[in-house]
Amino acid sequence: MTGSKTSDDKPIYSISAAAKLLNISVHTLRMYEREGLIVPFKKESNQRSYSQGDIDRINCIRNEINASKISINGIRTIYSMIPCWDIVKCSKKERGKCASFNGSDSPCWTYDHSNNVCGTKNCRECIVYSQYSACCNVKELIKSLSK
Ligand code: SF4
Ligand code: SF4
């Protein structure tokens with residue numbers, strides 16, 4: 001499930017261009033990042049940029065929030081339940097050091113992992129973020145929870 005990079009993965013939009021495309025404010029886009037809905041590409045200067053895939057992801061999540069009347073907090077909770085340890089197969093020792101594993105209520109990619117194996121990884125390229133938290137999978141999860 002690693003997949004190769006497509007043109008949709010290329011970070012081509014600045015934060016203001018992305019916000020304009022999404023018809024939201026830069027402040028809201030930053031809030032989505034803080035809440036763990038999105039992991040933007042970061043340049044060395046710490047400037048954010050966004051790909052078409054990022055725009056599609058946010059649009060899809062926003063539609064789902066409106067259609068299912070689920071809050072951002074609800075989406076974040078759903079993301080926090082993705083069993084990254086099982087998917088990535090990190091060791092027991094790594095889990096023991098990991099704040100995300102030990103009582104997380106936020107997605108794994110929102111934590112500081114400088115003391116464990118995830119600290120050297122790029123979450124945007126990790127299947128936990130790119131595949132398991134893809135909007136279509138969140139939709140399925142919401143549907144199954146609301147049955
Ligand atoms: S965030 Fe990384 S180290 Fe922590 S439990 Fe998940 S895969 Fe393991
Ligand atoms: S690399 Fe990032 S998204 Fe992947 S398991 Fe680790 S913290 Fe989560």
# chains A, B, ... in the order shown; residues from 1 in each chain; ligands from 1
$ residues_near_ligand --ligand "ligand 2" --cutoff "12 Å" --atoms "only C-alpha atoms and all ligand atoms" --output "ChimeraX atom specification"
/A:2,36-39,79-90,94-95,98-101,104,106-134
$ write_last_selection --atoms "C-alpha atoms" --output "tab-separated table (two decimals), in the first residue's frame"
chain	number	residue	atom	x	y	z
A	2	THR	CA	2.91	2.35	-0.26
A	36	GLY	CA	-4.92	16.64	13.11
A	37	LEU	CA	-7.20	16.56	10.06
A	38	ILE	CA	-4.33	17.32	7.74
A	39	VAL	CA	-0.53	17.07	7.69
A	79	TYR	CA	-8.30	9.01	13.72
A	80	SER	CA	-6.92	8.40	17.21
A	81	MET	CA	-8.39	4.88	17.11
A	82	ILE	CA	-6.37	3.80	14.06
A	83	PRO	CA	-4.08	1.07	15.46
A	84	CYS	CA	-0.83	2.43	14.04
A	85	TRP	CA	1.22	0.00	16.16
A	86	ASP	CA	-0.41	-2.94	14.41
A	87	ILE	CA	-0.11	-1.41	10.97
A	88	VAL	CA	3.50	-0.25	11.29
A	89	LYS	CA	4.45	-3.14	13.61
A	90	CYS	CA	6.54	-1.06	15.97
A	94	GLU	CA	8.80	1.71	21.03
A	95	ARG	CA	5.16	1.60	22.11
A	98	CYS	CA	5.12	6.54	22.70
A	99	ALA	CA	2.62	9.14	23.97
A	100	SER	CA	0.28	8.26	21.15
A	101	PHE	CA	0.11	4.60	22.17
A	104	SER	CA	-4.05	8.92	22.96
A	106	SER	CA	-5.51	12.51	19.03
A	107	PRO	CA	-4.13	11.03	15.82
A	108	CYS	CA	-0.64	9.56	16.08
A	109	TRP	CA	0.73	12.13	13.60
A	110	THR	CA	-0.09	15.02	15.98
A	111	TYR	CA	2.41	13.85	18.63
A	112	ASP	CA	6.07	14.56	19.12
A	113	HIS	CA	7.86	11.30	18.31
A	114	SER	CA	11.42	12.42	18.85
A	115	ASN	CA	11.88	9.60	21.41
A	116	ASN	CA	10.61	6.75	19.25
A	117	VAL	CA	10.81	5.12	15.83
A	118	CYS	CA	8.22	7.44	14.27
A	119	GLY	CA	10.46	10.43	14.87
A	120	THR	CA	12.44	9.65	11.73
A	121	LYS	CA	9.41	9.05	9.53
A	122	ASN	CA	7.43	11.33	7.28
A	123	CYS	CA	3.77	11.00	8.27
A	124	ARG	CA	2.58	12.24	4.88
A	125	GLU	CA	4.22	9.20	3.33
A	126	CYS	CA	3.10	6.72	5.99
A	127	ILE	CA	0.17	4.42	5.17
A	128	VAL	CA	-1.41	5.14	8.56
A	129	TYR	CA	-1.96	8.74	7.46
A	130	SER	CA	-2.18	8.41	3.70
A	131	GLN	CA	-4.33	5.27	3.49
A	132	TYR	CA	-6.00	4.42	6.78
A	133	SER	CA	-7.11	8.00	7.45
A	134	ALA	CA	-8.13	8.69	3.84
$ residues_around --residues "A:Cys136" --least-positions-apart "6" --cutoff "12 Å" --atoms "only C-alpha atoms" --output "PDB file with N, CA and C atoms, in the first residue's frame"
ATOM      1  N   ASP A  56      -8.390  17.793  -1.795  1.00  0.00           N
ATOM      2  CA  ASP A  56      -9.488  16.816  -1.924  1.00  0.00           C
ATOM      3  C   ASP A  56      -9.819  16.199  -0.567  1.00  0.00           C
ATOM      4  N   ARG A  57      -8.764  15.902   0.207  1.00  0.00           N
ATOM      5  CA  ARG A  57      -8.985  15.297   1.527  1.00  0.00           C
ATOM      6  C   ARG A  57      -9.813  16.233   2.422  1.00  0.00           C
ATOM      7  N   ILE A  58      -9.428  17.496   2.461  1.00  0.00           N
ATOM      8  CA  ILE A  58     -10.141  18.441   3.323  1.00  0.00           C
ATOM      9  C   ILE A  58     -11.569  18.651   2.834  1.00  0.00           C
ATOM     10  N   ASN A  59     -11.744  18.780   1.532  1.00  0.00           N
ATOM     11  CA  ASN A  59     -13.097  18.941   0.984  1.00  0.00           C
ATOM     12  C   ASN A  59     -13.976  17.765   1.378  1.00  0.00           C
ATOM     13  N   CYS A  60     -13.419  16.578   1.239  1.00  0.00           N
ATOM     14  CA  CYS A  60     -14.176  15.364   1.542  1.00  0.00           C
ATOM     15  C   CYS A  60     -14.526  15.315   3.032  1.00  0.00           C
ATOM     16  N   ILE A  61     -13.573  15.627   3.887  1.00  0.00           N
ATOM     17  CA  ILE A  61     -13.842  15.598   5.332  1.00  0.00           C
ATOM     18  C   ILE A  61     -14.890  16.652   5.696  1.00  0.00           C
ATOM     19  N   ASN A  63     -17.248  17.831   3.818  1.00  0.00           N
ATOM     20  CA  ASN A  63     -18.565  17.344   3.370  1.00  0.00           C
ATOM     21  C   ASN A  63     -19.107  16.303   4.343  1.00  0.00           C
ATOM     22  N   GLU A  64     -18.209  15.446   4.812  1.00  0.00           N
ATOM     23  CA  GLU A  64     -18.624  14.383   5.737  1.00  0.00           C
ATOM     24  C   GLU A  64     -19.066  14.965   7.083  1.00  0.00           C
ATOM     25  N   SER A 130      -1.761   8.246   5.097  1.00  0.00           N
ATOM     26  CA  SER A 130      -2.176   8.406   3.696  1.00  0.00           C
ATOM     27  C   SER A 130      -3.272   7.428   3.282  1.00  0.00           C
ATOM     28  N   ILE A 142     -17.544   5.997   9.865  1.00  0.00           N
ATOM     29  CA  ILE A 142     -18.685   6.752  10.403  1.00  0.00           C
ATOM     30  C   ILE A 142     -19.973   5.980  10.146  1.00  0.00           C
ATOM     31  N   LYS A 143     -20.092   5.420   8.937  1.00  0.00           N
ATOM     32  CA  LYS A 143     -21.308   4.668   8.607  1.00  0.00           C
ATOM     33  C   LYS A 143     -21.453   3.474   9.549  1.00  0.00           C
TER      34      LYS A 143
END
$ atom_distance --atom1 "atom CA of A:Ile75" --atom2 "atom CA of A:Tyr13"
24.4 Å
$ atom_distance --atom1 "atom CA of A:Phe41" --atom2 "atom CA of A:Ser7"
14.3 Å
$ select_by_dssp --residues "chain A" --states "strand (DSSP E or B)" --output "PDB file with C-alpha atoms, in the first residue's frame"
ATOM      1  CA  TYR A  13      -0.387  25.447  -3.253  1.00  0.00           C
ATOM      2  CA  SER A  14       0.636  27.989  -0.637  1.00  0.00           C
ATOM      3  CA  PHE A  41       4.028  19.580   3.490  1.00  0.00           C
ATOM      4  CA  LYS A  42       6.534  21.759   5.361  1.00  0.00           C
ATOM      5  CA  ARG A  48       3.270  25.035   4.604  1.00  0.00           C
ATOM      6  CA  SER A  49       2.226  23.910   1.171  1.00  0.00           C
ATOM      7  CA  TYR A  50      -0.554  21.674  -0.037  1.00  0.00           C
TER       8      TYR A  50
END
$ atom_distance --atom1 "atom CA of A:Ile65" --atom2 "atom 4 (Fe, counted along the ligand's line) of ligand 1"
27.1 Å
$ closest_residue --among "A:Arg62, A:Ala67, A:Lys92, A:Asn23" --to "ligand 1" --atoms "only C-alpha atoms and all ligand atoms"
A:Lys92
$ select_by_dssp --residues "chain A" --states "helix (DSSP H, G or I)" --output "ChimeraX atom specification"
/A:7-9,15-22,26-34,52-68,72-80,84-88,92-96,108-110,117-120,123-125,127-132,135-145
$ closest_residue --among "A:Gln47, A:Asn102, A:Gln52, A:Ser68" --to "ligand 1" --atoms "only C-alpha atoms and all ligand atoms"
A:Asn102
$ closest_residue --among "A:Asp54, A:Gly103, A:Lys43, A:Ile15" --to "A:Arg30" --atoms "only C-alpha atoms"
A:Ile15
$ closest_residue --among "A:Glu140, A:Ile70, A:Ile55, A:Thr77" --to "A:Lys10" --atoms "only C-alpha atoms"
A:Ile55
$ closest_residue --among "A:Ser16, A:Ser45, A:Ser25, A:Ser91" --to "ligand 1" --atoms "only C-alpha atoms and all ligand atoms"
A:Ser91
$ closest_residue --among "A:His27, A:Asn66, A:Asp105, A:Lys97" --to "A:Lys139" --atoms "only C-alpha atoms"
A:Asn66
